[in-house]
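Text of upload_21.csv (CSV, C-alpha atoms) as supplied:
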```
chain,number,residue,atom,x,y,z
X,2,MET,CA,5.7,-9.4,-19.9
X,3,LYS,CA,8.0,-12.4,-20.5
X,4,VAL,CA,8.6,-13.3,-16.8
X,5,LEU,CA,4.8,-13.2,-16.2
X,6,GLU,CA,4.0,-15.4,-19.1
X,7,GLU,CA,6.6,-17.9,-18.0
X,8,ARG,CA,5.2,-18.1,-14.5
X,9,ILE,CA,1.7,-18.6,-15.9
X,10,ARG,CA,3.0,-21.5,-18.0
X,11,GLU,CA,4.9,-23.0,-15.1
X,12,GLU,CA,2.4,-22.5,-12.2
X,13,GLY,CA,-0.9,-21.6,-13.7
X,14,ARG,CA,-3.5,-24.3,-13.5
X,15,ILE,CA,-6.2,-24.4,-16.2
X,16,LEU,CA,-9.4,-25.9,-14.8
X,17,SER,CA,-11.5,-25.3,-17.9
X,18,ASP,CA,-11.5,-23.3,-21.1
X,19,THR,CA,-12.2,-20.2,-19.1
X,20,VAL,CA,-10.9,-20.8,-15.5
X,21,LEU,CA,-7.2,-20.2,-14.9
X,22,LYS,CA,-5.8,-20.5,-11.3
X,23,VAL,CA,-2.8,-18.4,-10.5
X,24,ASP,CA,-3.2,-18.5,-6.8
X,25,SER,CA,0.4,-19.7,-6.1
X,26,PHE,CA,1.9,-16.4,-7.1
X,27,LEU,CA,-0.7,-13.7,-7.9
X,28,ASN,CA,-4.0,-13.8,-6.1
X,29,HIS,CA,-3.9,-15.9,-2.9
X,30,GLN,CA,-0.2,-16.5,-2.3
X,31,VAL,CA,1.5,-13.4,-3.8
X,32,ASP,CA,5.1,-13.2,-5.0
X,33,THR,CA,5.9,-9.7,-3.7
X,34,GLY,CA,9.0,-9.3,-5.9
X,35,LEU,CA,6.9,-10.1,-9.0
X,36,ALA,CA,4.1,-7.8,-7.9
X,37,LEU,CA,6.6,-4.9,-7.7
X,38,GLN,CA,7.9,-5.8,-11.2
X,39,ILE,CA,4.3,-5.7,-12.4
X,40,GLY,CA,3.9,-2.3,-10.9
X,41,ARG,CA,7.0,-1.0,-12.7
X,42,GLU,CA,5.8,-2.6,-15.9
X,43,PHE,CA,2.5,-0.8,-15.8
X,44,ARG,CA,4.5,2.4,-15.5
X,45,GLU,CA,6.5,1.3,-18.5
X,46,VAL,CA,3.5,0.6,-20.7
X,47,PHE,CA,1.4,3.6,-19.7
X,48,GLY,CA,4.5,5.9,-19.6
X,49,ASP,CA,4.9,9.0,-17.5
X,50,LEU,CA,1.3,10.1,-17.4
X,51,PRO,CA,0.3,12.7,-14.7
X,52,VAL,CA,-1.5,10.0,-12.7
X,53,THR,CA,-2.9,11.2,-9.3
X,54,LYS,CA,-4.7,8.0,-8.1
X,55,ILE,CA,-4.7,4.3,-8.8
X,56,LEU,CA,-8.2,2.7,-8.5
X,57,THR,CA,-9.0,-0.9,-8.0
X,58,VAL,CA,-11.6,-3.2,-6.4
X,59,GLU,CA,-11.1,-5.4,-3.4
X,60,ALA,CA,-9.6,-7.9,-2.8
X,61,SER,CA,-7.3,-9.3,-5.5
X,62,GLY,CA,-6.6,-6.0,-7.3
X,63,ILE,CA,-5.1,-4.5,-4.1
X,64,GLN,CA,-1.5,-5.9,-4.5
X,65,PHE,CA,-1.2,-4.7,-8.1
X,66,ALA,CA,-2.8,-1.3,-7.4
X,67,MET,CA,-0.3,-0.9,-4.6
X,68,ALA,CA,2.6,-1.9,-6.9
X,69,ALA,CA,1.4,0.6,-9.5
X,70,GLY,CA,1.0,3.2,-6.7
X,71,ILE,CA,4.6,2.6,-5.6
X,72,ALA,CA,5.8,2.9,-9.2
X,73,TYR,CA,3.9,6.2,-9.8
X,74,LYS,CA,4.4,7.4,-6.2
X,75,VAL,CA,0.7,8.1,-5.8
X,76,PRO,CA,-2.0,6.7,-3.5
X,77,PHE,CA,-4.4,4.0,-4.5
X,78,ILE,CA,-8.0,3.5,-3.6
X,79,TYR,CA,-9.8,0.1,-3.5
X,80,ALA,CA,-13.5,0.1,-4.1
X,81,LYS,CA,-15.5,-1.9,-1.4
X,82,LYS,CA,-17.9,-4.6,-2.3
X,83,LYS,CA,-19.9,-4.1,0.9
X,84,LYS,CA,-21.0,-0.9,2.5
X,85,ALA,CA,-18.5,-0.5,5.4
X,86,VAL,CA,-19.9,0.1,8.8
X,87,THR,CA,-17.6,3.0,9.1
X,88,LEU,CA,-18.3,4.4,5.6
X,89,SER,CA,-20.8,6.9,6.7
X,90,GLU,CA,-20.4,9.6,4.0
X,91,SER,CA,-21.6,9.7,0.4
X,92,VAL,CA,-20.2,7.2,-2.0
X,93,TYR,CA,-20.0,6.8,-5.8
X,94,SER,CA,-21.3,3.3,-6.6
X,95,ALA,CA,-21.9,1.0,-9.5
X,96,PRO,CA,-23.6,-2.4,-10.0
X,97,VAL,CA,-21.4,-5.4,-11.0
X,98,HIS,CA,-22.5,-8.8,-12.2
X,99,SER,CA,-20.1,-11.5,-11.4
X,100,PHE,CA,-20.2,-14.2,-14.1
X,101,THR,CA,-17.9,-16.5,-12.1
X,102,ARG,CA,-20.1,-16.4,-9.0
X,103,GLN,CA,-23.4,-15.7,-10.8
X,104,GLU,CA,-24.2,-12.9,-8.4
X,105,ASP,CA,-24.8,-9.2,-8.4
X,106,TYR,CA,-23.2,-6.8,-6.1
X,107,ARG,CA,-22.4,-3.1,-5.8
X,108,ILE,CA,-18.9,-1.5,-5.6
X,109,SER,CA,-18.5,1.8,-4.0
X,110,ILE,CA,-15.9,4.4,-3.0
X,111,SER,CA,-16.1,7.4,-0.8
X,112,GLN,CA,-16.7,10.7,-2.6
X,113,ASN,CA,-14.0,12.2,-0.4
X,114,TYR,CA,-11.1,10.6,-2.3
X,115,LEU,CA,-11.9,11.1,-6.0
X,116,GLY,CA,-12.9,14.3,-7.8
X,117,PRO,CA,-12.6,16.4,-11.0
X,118,ASP,CA,-8.9,17.2,-10.4
X,119,ASP,CA,-7.9,13.5,-10.4
X,120,LYS,CA,-6.3,11.6,-13.2
X,121,VAL,CA,-6.9,7.9,-12.7
X,122,LEU,CA,-5.4,4.6,-13.8
X,123,ILE,CA,-7.7,1.5,-13.1
X,124,ILE,CA,-5.7,-1.6,-12.2
X,125,ASP,CA,-6.9,-5.1,-11.7
X,126,ASP,CA,-5.7,-8.7,-11.7
X,127,PHE,CA,-7.9,-10.1,-14.5
X,128,LEU,CA,-9.6,-8.7,-17.6
X,129,ALA,CA,-12.2,-11.2,-18.7
X,130,THR,CA,-15.9,-10.2,-18.9
X,131,GLY,CA,-14.8,-6.7,-17.8
X,132,ALA,CA,-17.8,-6.4,-15.4
X,133,ALA,CA,-15.9,-5.0,-12.4
X,134,LEU,CA,-13.7,-2.8,-14.6
X,135,VAL,CA,-16.7,-1.2,-16.4
X,136,GLY,CA,-18.1,-0.6,-12.9
X,137,LEU,CA,-14.9,1.2,-11.8
X,138,ALA,CA,-14.9,3.2,-15.1
X,139,ASP,CA,-18.5,4.2,-14.3
X,140,ILE,CA,-17.4,5.4,-10.8
X,141,VAL,CA,-14.5,7.5,-12.3
X,142,GLU,CA,-17.0,9.1,-14.6
X,143,GLN,CA,-19.4,9.9,-11.8
X,144,SER,CA,-16.6,11.6,-9.9
X,145,GLY,CA,-15.6,13.9,-12.8
X,146,ALA,CA,-12.1,12.6,-12.7
X,147,GLN,CA,-10.2,11.8,-15.9
X,148,LEU,CA,-9.6,8.1,-16.7
X,149,LEU,CA,-6.2,7.7,-18.3
X,150,GLY,CA,-6.5,3.9,-18.9
X,151,VAL,CA,-7.1,0.4,-17.6
X,152,GLY,CA,-4.3,-1.9,-16.8
X,153,CYS,CA,-4.7,-5.6,-16.1
X,154,VAL,CA,-2.2,-8.3,-15.2
X,155,ILE,CA,-3.8,-11.1,-17.2
X,156,GLU,CA,-6.3,-10.7,-20.1
X,157,LYS,CA,-8.4,-13.6,-21.3
X,158,SER,CA,-8.7,-12.0,-24.7
X,159,PHE,CA,-11.3,-14.5,-25.9
X,160,GLN,CA,-13.8,-12.9,-23.5
X,161,GLU,CA,-15.5,-9.6,-24.2
X,162,GLY,CA,-13.9,-7.3,-21.5
X,163,ARG,CA,-11.5,-5.5,-23.7
X,164,SER,CA,-14.0,-4.6,-26.4
X,165,LEU,CA,-16.5,-3.4,-23.8
X,166,LEU,CA,-13.9,-1.0,-22.5
X,167,GLU,CA,-12.5,0.1,-25.8
X,168,LYS,CA,-16.0,0.9,-27.1
X,169,LYS,CA,-16.1,3.5,-24.3
X,170,GLY,CA,-12.8,4.9,-25.7
X,171,ILE,CA,-10.7,3.6,-22.8
X,172,ALA,CA,-7.0,2.7,-23.4
X,173,VAL,CA,-6.5,-0.9,-22.2
X,174,HIS,CA,-3.2,-2.6,-21.5
X,175,ALA,CA,-2.7,-6.2,-20.2
X,176,LEU,CA,0.7,-7.6,-19.3
X,177,ALA,CA,-0.1,-11.2,-20.4
X,178,ARG,CA,-2.8,-11.7,-23.0
X,179,ILE,CA,-4.1,-15.2,-23.3
X,180,SER,CA,-5.6,-16.0,-26.7
X,181,SER,CA,-6.8,-19.5,-25.8
X,182,MET,CA,-6.3,-22.1,-23.1
X,183,ALA,CA,-7.2,-25.7,-22.3
X,184,PRO,CA,-6.1,-28.0,-19.5
X,185,GLY,CA,-2.3,-28.4,-20.0
X,186,GLU,CA,-1.8,-25.6,-22.5
X,187,VAL,CA,-2.0,-21.8,-22.7
X,188,HIS,CA,-1.4,-19.6,-25.7
X,189,PHE,CA,-0.5,-16.0,-25.5
X,190,ILE,CA,-0.9,-13.2,-28.0
X,191,ALA,CA,2.8,-12.7,-29.0
X,192,ASN,CA,4.5,-9.4,-28.3
X,193,GLU,CA,4.9,-8.6,-32.0
X,194,GLU,CA,1.2,-8.9,-32.5
X,195,MET,CA,0.7,-6.7,-29.5
X,196,ILE,CA,2.9,-4.1,-30.9
X,197,LYS,CA,1.2,-4.3,-34.3
X,198,GLU,CA,-2.2,-4.0,-32.7
X,199,SER,CA,-1.2,-1.0,-30.7
X,200,ALA,CA,0.2,0.6,-33.9
X,201,GLY,CA,-3.2,0.0,-35.4
X,202,CYS,CA,-2.0,-2.5,-38.1
U,22,MET,CA,5.6,4.8,15.1
U,23,LYS,CA,5.6,8.6,15.3
U,24,VAL,CA,4.6,9.4,11.8
U,25,LEU,CA,1.7,6.9,12.0
U,26,GLU,CA,0.4,8.4,15.3
U,27,GLU,CA,0.6,11.9,13.7
U,28,ARG,CA,-1.4,10.8,10.7
U,29,ILE,CA,-4.0,9.2,13.0
U,30,ARG,CA,-4.3,12.4,15.0
U,31,GLU,CA,-4.5,14.5,11.8
U,32,GLU,CA,-6.7,12.4,9.6
U,33,GLY,CA,-8.4,9.8,11.8
U,34,ARG,CA,-12.0,10.3,12.4
U,35,ILE,CA,-13.4,9.0,15.7
U,36,LEU,CA,-17.0,8.1,15.3
U,37,SER,CA,-17.5,6.6,18.7
U,38,ASP,CA,-15.5,5.2,21.7
U,39,THR,CA,-14.7,2.2,19.6
U,40,VAL,CA,-14.9,3.2,15.9
U,41,LEU,CA,-11.9,4.9,14.3
U,42,LYS,CA,-11.9,5.7,10.6
U,43,VAL,CA,-8.6,5.8,8.9
U,44,ASP,CA,-9.8,5.3,5.4
U,45,SER,CA,-8.1,8.4,3.9
U,46,PHE,CA,-4.6,6.8,4.2
U,47,LEU,CA,-4.8,3.2,5.4
U,48,ASN,CA,-7.7,1.1,4.4
U,49,HIS,CA,-9.7,2.6,1.6
U,50,GLN,CA,-7.5,5.2,0.1
U,51,VAL,CA,-3.9,4.0,0.9
U,52,ASP,CA,-0.8,6.1,1.1
U,53,THR,CA,1.6,3.8,-0.6
U,54,GLY,CA,4.7,5.5,0.8
U,55,LEU,CA,3.4,5.2,4.3
U,56,ALA,CA,2.4,1.6,3.7
U,57,LEU,CA,6.0,0.8,2.7
U,58,GLN,CA,7.3,2.5,5.8
U,59,ILE,CA,5.0,0.4,7.9
U,60,GLY,CA,6.4,-2.7,6.3
U,61,ARG,CA,9.9,-1.6,7.1
U,62,GLU,CA,8.8,-0.8,10.7
U,63,PHE,CA,7.5,-4.3,11.1
U,64,ARG,CA,10.9,-5.7,10.1
U,65,GLU,CA,12.5,-3.3,12.6
U,66,VAL,CA,10.3,-4.4,15.6
U,67,PHE,CA,10.3,-8.1,14.8
U,68,GLY,CA,14.0,-8.0,13.8
U,69,ASP,CA,15.7,-10.4,11.3
U,70,LEU,CA,13.7,-13.5,12.0
U,71,PRO,CA,13.8,-16.3,9.5
U,72,VAL,CA,10.3,-15.5,8.2
U,73,THR,CA,9.2,-17.6,5.1
U,74,LYS,CA,5.6,-16.3,4.7
U,75,ILE,CA,3.5,-13.4,5.8
U,76,LEU,CA,-0.2,-14.2,6.4
U,77,THR,CA,-3.1,-11.9,6.5
U,78,VAL,CA,-6.8,-11.9,5.7
U,79,GLU,CA,-8.6,-10.0,2.8
U,80,ALA,CA,-9.1,-7.2,2.2
U,81,SER,CA,-7.6,-4.5,4.4
U,82,GLY,CA,-4.7,-6.5,5.6
U,83,ILE,CA,-3.3,-7.0,2.1
U,84,GLN,CA,-1.5,-3.7,1.6
U,85,PHE,CA,0.4,-4.2,4.9
U,86,ALA,CA,1.1,-7.9,4.4
U,87,MET,CA,2.5,-6.9,1.0
U,88,ALA,CA,4.7,-4.1,2.6
U,89,ALA,CA,6.0,-6.6,5.2
U,90,GLY,CA,6.6,-9.2,2.4
U,91,ILE,CA,8.6,-6.5,0.6
U,92,ALA,CA,10.6,-5.7,3.7
U,93,TYR,CA,11.4,-9.4,4.4
U,94,LYS,CA,11.6,-10.4,0.7
U,95,VAL,CA,9.1,-13.2,1.2
U,96,PRO,CA,5.7,-14.0,-0.3
U,97,PHE,CA,2.5,-13.2,1.5
U,98,ILE,CA,-0.8,-15.2,1.6
U,99,TYR,CA,-4.2,-13.6,2.2
U,100,ALA,CA,-6.9,-15.8,3.6
U,101,LYS,CA,-10.2,-15.7,1.8
U,102,LYS,CA,-13.5,-15.0,3.4
U,103,LYS,CA,-15.5,-16.8,0.8
U,104,LYS,CA,-14.7,-20.1,-0.8
U,105,ALA,CA,-13.3,-19.2,-4.2
U,106,VAL,CA,-14.8,-20.8,-7.3
U,107,THR,CA,-11.3,-21.7,-8.3
U,108,LEU,CA,-10.1,-22.8,-4.8
U,109,SER,CA,-10.8,-26.5,-5.5
U,110,GLU,CA,-8.2,-28.2,-3.3
U,111,SER,CA,-8.1,-28.7,0.4
U,112,VAL,CA,-8.0,-25.7,2.7
U,113,TYR,CA,-7.2,-24.9,6.3
U,114,SER,CA,-10.1,-22.9,7.7
U,115,ALA,CA,-11.3,-21.2,10.9
U,116,PRO,CA,-14.5,-19.5,12.0
U,117,VAL,CA,-14.5,-15.8,12.8
U,118,HIS,CA,-17.1,-13.7,14.5
U,119,SER,CA,-17.1,-10.0,13.3
U,120,PHE,CA,-18.2,-7.8,16.2
U,121,THR,CA,-18.3,-4.8,13.9
U,122,ARG,CA,-20.7,-6.4,11.5
U,123,GLN,CA,-22.3,-8.9,13.9
U,124,GLU,CA,-21.9,-11.8,11.6
U,125,ASP,CA,-20.0,-15.1,11.4
U,126,TYR,CA,-17.8,-16.2,8.5
U,127,ARG,CA,-15.0,-18.6,7.8
U,128,ILE,CA,-11.6,-17.7,6.6
U,129,SER,CA,-9.6,-20.2,4.6
U,130,ILE,CA,-6.2,-20.7,2.9
U,131,SER,CA,-5.1,-23.4,0.5
U,132,GLN,CA,-3.1,-26.2,2.1
U,133,ASN,CA,-0.7,-25.9,-0.9
U,134,TYR,CA,0.9,-22.8,0.5
U,135,LEU,CA,1.5,-23.3,4.2
U,136,GLY,CA,3.2,-26.3,5.9
U,137,PRO,CA,5.5,-27.5,8.7
U,138,ASP,CA,8.6,-25.8,7.1
U,139,ASP,CA,7.1,-22.4,7.2
U,140,LYS,CA,7.8,-19.6,9.7
U,141,VAL,CA,5.0,-17.1,9.7
U,142,LEU,CA,4.3,-13.5,10.7
U,143,ILE,CA,0.6,-12.6,10.8
U,144,ILE,CA,0.0,-9.0,9.7
U,145,ASP,CA,-3.3,-7.0,9.8
U,146,ASP,CA,-4.5,-3.4,9.9
U,147,PHE,CA,-6.4,-3.4,13.2
U,148,LEU,CA,-6.0,-5.3,16.5
U,149,ALA,CA,-9.3,-4.9,18.4
U,150,THR,CA,-11.3,-7.9,19.4
U,151,GLY,CA,-8.7,-10.1,17.8
U,152,ALA,CA,-11.3,-12.4,16.2
U,153,ALA,CA,-9.7,-12.6,12.7
U,154,LEU,CA,-6.2,-12.8,14.2
U,155,VAL,CA,-7.1,-15.7,16.4
U,156,GLY,CA,-8.6,-17.4,13.3
U,157,LEU,CA,-5.4,-16.9,11.4
U,158,ALA,CA,-3.3,-18.2,14.3
U,159,ASP,CA,-5.6,-21.3,14.4
U,160,ILE,CA,-4.9,-21.8,10.6
U,161,VAL,CA,-1.1,-21.5,11.2
U,162,GLU,CA,-1.4,-24.2,13.9
U,163,GLN,CA,-3.4,-26.5,11.7
U,164,SER,CA,-0.7,-26.2,9.0
U,165,GLY,CA,2.1,-27.2,11.4
U,166,ALA,CA,4.0,-24.0,10.6
U,167,GLN,CA,5.7,-22.0,13.3
U,168,LEU,CA,4.0,-18.7,14.2
U,169,LEU,CA,6.7,-16.0,14.9
U,170,GLY,CA,4.4,-13.3,15.9
U,171,VAL,CA,1.4,-11.0,15.1
U,172,GLY,CA,1.9,-7.5,13.9
U,173,CYS,CA,-0.8,-4.9,13.6
U,174,VAL,CA,-0.8,-1.3,12.3
U,175,ILE,CA,-3.2,0.1,14.9
U,176,GLU,CA,-4.2,-1.5,18.2
U,177,LYS,CA,-7.2,-0.5,20.2
U,178,SER,CA,-5.6,-1.6,23.4
U,179,PHE,CA,-8.8,-1.1,25.4
U,180,GLN,CA,-10.3,-4.1,23.6
U,181,GLU,CA,-9.4,-7.7,24.4
U,182,GLY,CA,-7.5,-8.7,21.2
U,183,ARG,CA,-4.0,-8.5,22.6
U,184,SER,CA,-4.7,-10.5,25.8
U,185,LEU,CA,-6.4,-13.2,23.8
U,186,LEU,CA,-3.3,-13.6,21.6
U,187,GLU,CA,-0.8,-13.3,24.4
U,188,LYS,CA,-2.7,-16.0,26.4
U,189,LYS,CA,-1.8,-18.3,23.6
U,190,GLY,CA,1.9,-17.4,23.9
U,191,ILE,CA,1.9,-15.3,20.8
U,192,ALA,CA,4.3,-12.3,20.5
U,193,VAL,CA,2.2,-9.2,19.5
U,194,HIS,CA,3.5,-5.9,18.2
U,195,ALA,CA,1.4,-2.9,17.2
U,196,LEU,CA,2.8,0.2,15.6
U,197,ALA,CA,0.3,2.6,17.1
U,198,ARG,CA,-1.4,1.7,20.4
U,199,ILE,CA,-4.5,3.6,21.2
U,200,SER,CA,-5.3,3.6,25.0
U,201,SER,CA,-8.5,5.5,24.7
U,202,MET,CA,-10.4,7.7,22.2
U,203,ALA,CA,-13.5,9.8,21.9
U,204,PRO,CA,-14.7,12.1,19.2
U,205,GLY,CA,-12.0,14.8,18.7
U,206,GLU,CA,-9.3,13.1,20.8
U,207,VAL,CA,-7.1,10.0,20.7
U,208,HIS,CA,-4.6,8.9,23.3
U,209,PHE,CA,-1.7,6.6,22.5
U,210,ILE,CA,0.3,4.4,24.9
U,211,ALA,CA,3.6,6.3,24.9
U,212,ASN,CA,6.8,4.8,23.5
U,213,GLU,CA,8.4,4.7,26.9
U,214,GLU,CA,5.6,2.8,28.4
U,215,MET,CA,5.8,0.4,25.4
U,216,ILE,CA,9.5,-0.1,26.1
U,217,LYS,CA,8.8,-0.6,29.8
U,218,GLU,CA,6.0,-3.1,29.0
U,219,SER,CA,8.2,-5.1,26.7
U,220,ALA,CA,10.9,-5.2,29.3
U,221,GLY,CA,8.4,-6.7,31.7
U,222,CYS,CA,8.4,-3.7,34.1
```

Please lay out the structure from this file as structure tokens.
Amino acid sequence: MKVLEERIREEGRILSDTVLKVDSFLNHQVDTGLALQIGREFREVFGDLPVTKILTVEASGIQFAMAAGIAYKVPFIYAKKKKAVTLSESVYSAPVHSFTRQEDYRISISQNYLGPDDKVLIIDDFLATGAALVGLADIVEQSGAQLLGVGCVIEKSFQEGRSLLEKKGIAVHALARISSMAPGEVHFIANEEMIKESAGC
Amino acid sequence: MKVLEERIREEGRILSDTVLKVDSFLNHQVDTGLALQIGREFREVFGDLPVTKILTVEASGIQFAMAAGIAYKVPFIYAKKKKAVTLSESVYSAPVHSFTRQEDYRISISQNYLGPDDKVLIIDDFLATGAALVGLADIVEQSGAQLLGVGCVIEKSFQEGRSLLEKKGIAVHALARISSMAPGEVHFIANEEMIKESAGC
């Protein structure tokens, strides 16, 4: 997604080989117009699938799950990282290890809102180690729903997230795929390569 | 907001005199169409103010801040409850006491994204004790920005949040104002009363 790559080049701040800050337009301050474009782009890349629910995890996935929900005209659900005081009924849950924060937590969603009739897209801001996304995929499996794919805004393709998901047979799309980065420079996997890859070349 | 009151009556689950669950359509599973309507309604009630930024706090304010940001065509910022690993620069922050969880935490936003030129609307899902909203108002004050008002989706008007904010001279609007509730029943402050109140009668 050209406009997204340009914004990452212009505004992204690369703090190390693995840490990219995009909090001026994606995940602290949010450019609402761009977020809506991102939602429409997810619908473009996944196509007119019979999606019934978008699934994400709080907090920074919410704006993109909402944008995808708007594009597909379906509700979205955000998994909680803490057990809510008011979440009294049964939940599906999965453990997640955060490599960034070096901590373990559980994500959960109410069993009321996901079941065998659902067809789900998982949406998140980053695909890196894939930890939270694997947890979400685990929750979809527990619910008996069908997982149609995982969409991420930015992929750090030098980390193992994509291969973890693809090993489980999950279709993965990312709108900007970073092949490498260092302070002052960021390299994307070019669109042609992305097309070649998805054609299996 | 009639459609919102109806959904609260139909789907809201009242667990006690003070706890209302609306997680089937507002803050766990989210009806994206309704969220967009809520954003437009905020623009209706606040009018065409020269808003530059919407401010909220993660996580359950995000979908409504985004909807208001879409309606006003401006970015939104969500305050973080934890210091982000990648949030290295200076922040504005404020302490918040959660009565629901009986815990204290700090909310913070980067100083890069809010300053004296900004005109801000604060948006959140619930107005109850007002703790998080007072914290956000404090942050706006620290930044030198102008606070145009606070908008909440649901107000539990039998709690002290509104009066805390109004004492500070802040304009407060809520789209559904609950005067009292008990398992099986919920009472709203009627629209006429709201009009009378805002006319100072």

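Between chain X and its sequence-identical counterpart chain U, the C-alpha RMSD after optimal superposition is 0.1 Å.
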
Between atom CA of Ala203 of chain U and atom CA of Ile78 of chain X, measure the distance and give it in Å to one decimal.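 Taking atom CA of Ala203 of chain U as the start and atom CA of Ile78 of chain X as the end point, the length is 26.8 Å.
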
Counting only C-alpha atoms, collect the residues of chain U whose closest atom lies at most 8 Å from chain X, and write them out as a PDB file with C-alpha atoms, in the frame of the given file.
```pdb
ATOM      1  CA  VAL U  40     -14.900   3.200  15.900  1.00  0.00           C
ATOM      2  CA  LEU U  41     -11.900   4.900  14.300  1.00  0.00           C
ATOM      3  CA  LYS U  42     -11.900   5.700  10.600  1.00  0.00           C
ATOM      4  CA  SER U  45      -8.100   8.400   3.900  1.00  0.00           C
ATOM      5  CA  HIS U  49      -9.700   2.600   1.600  1.00  0.00           C
ATOM      6  CA  GLN U  50      -7.500   5.200   0.100  1.00  0.00           C
ATOM      7  CA  VAL U  51      -3.900   4.000   0.900  1.00  0.00           C
ATOM      8  CA  ASP U  52      -0.800   6.100   1.100  1.00  0.00           C
ATOM      9  CA  THR U  53       1.600   3.800  -0.600  1.00  0.00           C
ATOM     10  CA  GLY U  54       4.700   5.500   0.800  1.00  0.00           C
ATOM     11  CA  GLU U  79      -8.600 -10.000   2.800  1.00  0.00           C
ATOM     12  CA  ALA U  80      -9.100  -7.200   2.200  1.00  0.00           C
ATOM     13  CA  ILE U  83      -3.300  -7.000   2.100  1.00  0.00           C
ATOM     14  CA  GLN U  84      -1.500  -3.700   1.600  1.00  0.00           C
ATOM     15  CA  MET U  87       2.500  -6.900   1.000  1.00  0.00           C
ATOM     16  CA  GLY U  90       6.600  -9.200   2.400  1.00  0.00           C
ATOM     17  CA  ILE U  91       8.600  -6.500   0.600  1.00  0.00           C
ATOM     18  CA  LYS U  94      11.600 -10.400   0.700  1.00  0.00           C
ATOM     19  CA  VAL U  95       9.100 -13.200   1.200  1.00  0.00           C
ATOM     20  CA  PRO U  96       5.700 -14.000  -0.300  1.00  0.00           C
ATOM     21  CA  PHE U  97       2.500 -13.200   1.500  1.00  0.00           C
ATOM     22  CA  ILE U  98      -0.800 -15.200   1.600  1.00  0.00           C
ATOM     23  CA  TYR U  99      -4.200 -13.600   2.200  1.00  0.00           C
ATOM     24  CA  ALA U 100      -6.900 -15.800   3.600  1.00  0.00           C
ATOM     25  CA  LYS U 101     -10.200 -15.700   1.800  1.00  0.00           C
ATOM     26  CA  VAL U 106     -14.800 -20.800  -7.300  1.00  0.00           C
ATOM     27  CA  THR U 107     -11.300 -21.700  -8.300  1.00  0.00           C
ATOM     28  CA  THR U 121     -18.300  -4.800  13.900  1.00  0.00           C
ATOM     29  CA  ARG U 122     -20.700  -6.400  11.500  1.00  0.00           C
ATOM     30  CA  ILE U 130      -6.200 -20.700   2.900  1.00  0.00           C
ATOM     31  CA  TYR U 134       0.900 -22.800   0.500  1.00  0.00           C
TER      32      TYR U 134
END
```

Residues within 12 Å of Gln147 of chain X, please, as a list in words. Count only C-alpha atoms; anything in the same chain fewer than 4 positions from it doesn't count.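 Here the qualifying residues turn out to be Leu50, Pro51, Val52, Thr53, Lys54, Ile55, Leu56, Leu115, Gly116, Pro117, Asp118, Asp119, Lys120, Val121, Leu122, Ile123, Ala138, Asp139, Ile140, Val141, Glu142, Gln143, Val151 and Ile171 of chain X.
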
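Picture a line from atom CA of Glu161 of chain X to atom CA of Leu128 of chain X; it runs 8.9 Å.
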
Using all atoms listed in the file, which residue out of U:Gly170, U:Gly68, U:Ala152, U:Asp145 lies closest to Glu124 of chain U?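 For Glu124 of chain U, the nearest of the candidates is U:Ala152.
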
Could you check how far atom CA of Gln132 of chain U sits from atom CA of Asp126 of chain X, in Å to one decimal?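 About the pair atom CA of Gln132 of chain U and atom CA of Asp126 of chain X: they are 22.4 Å apart.
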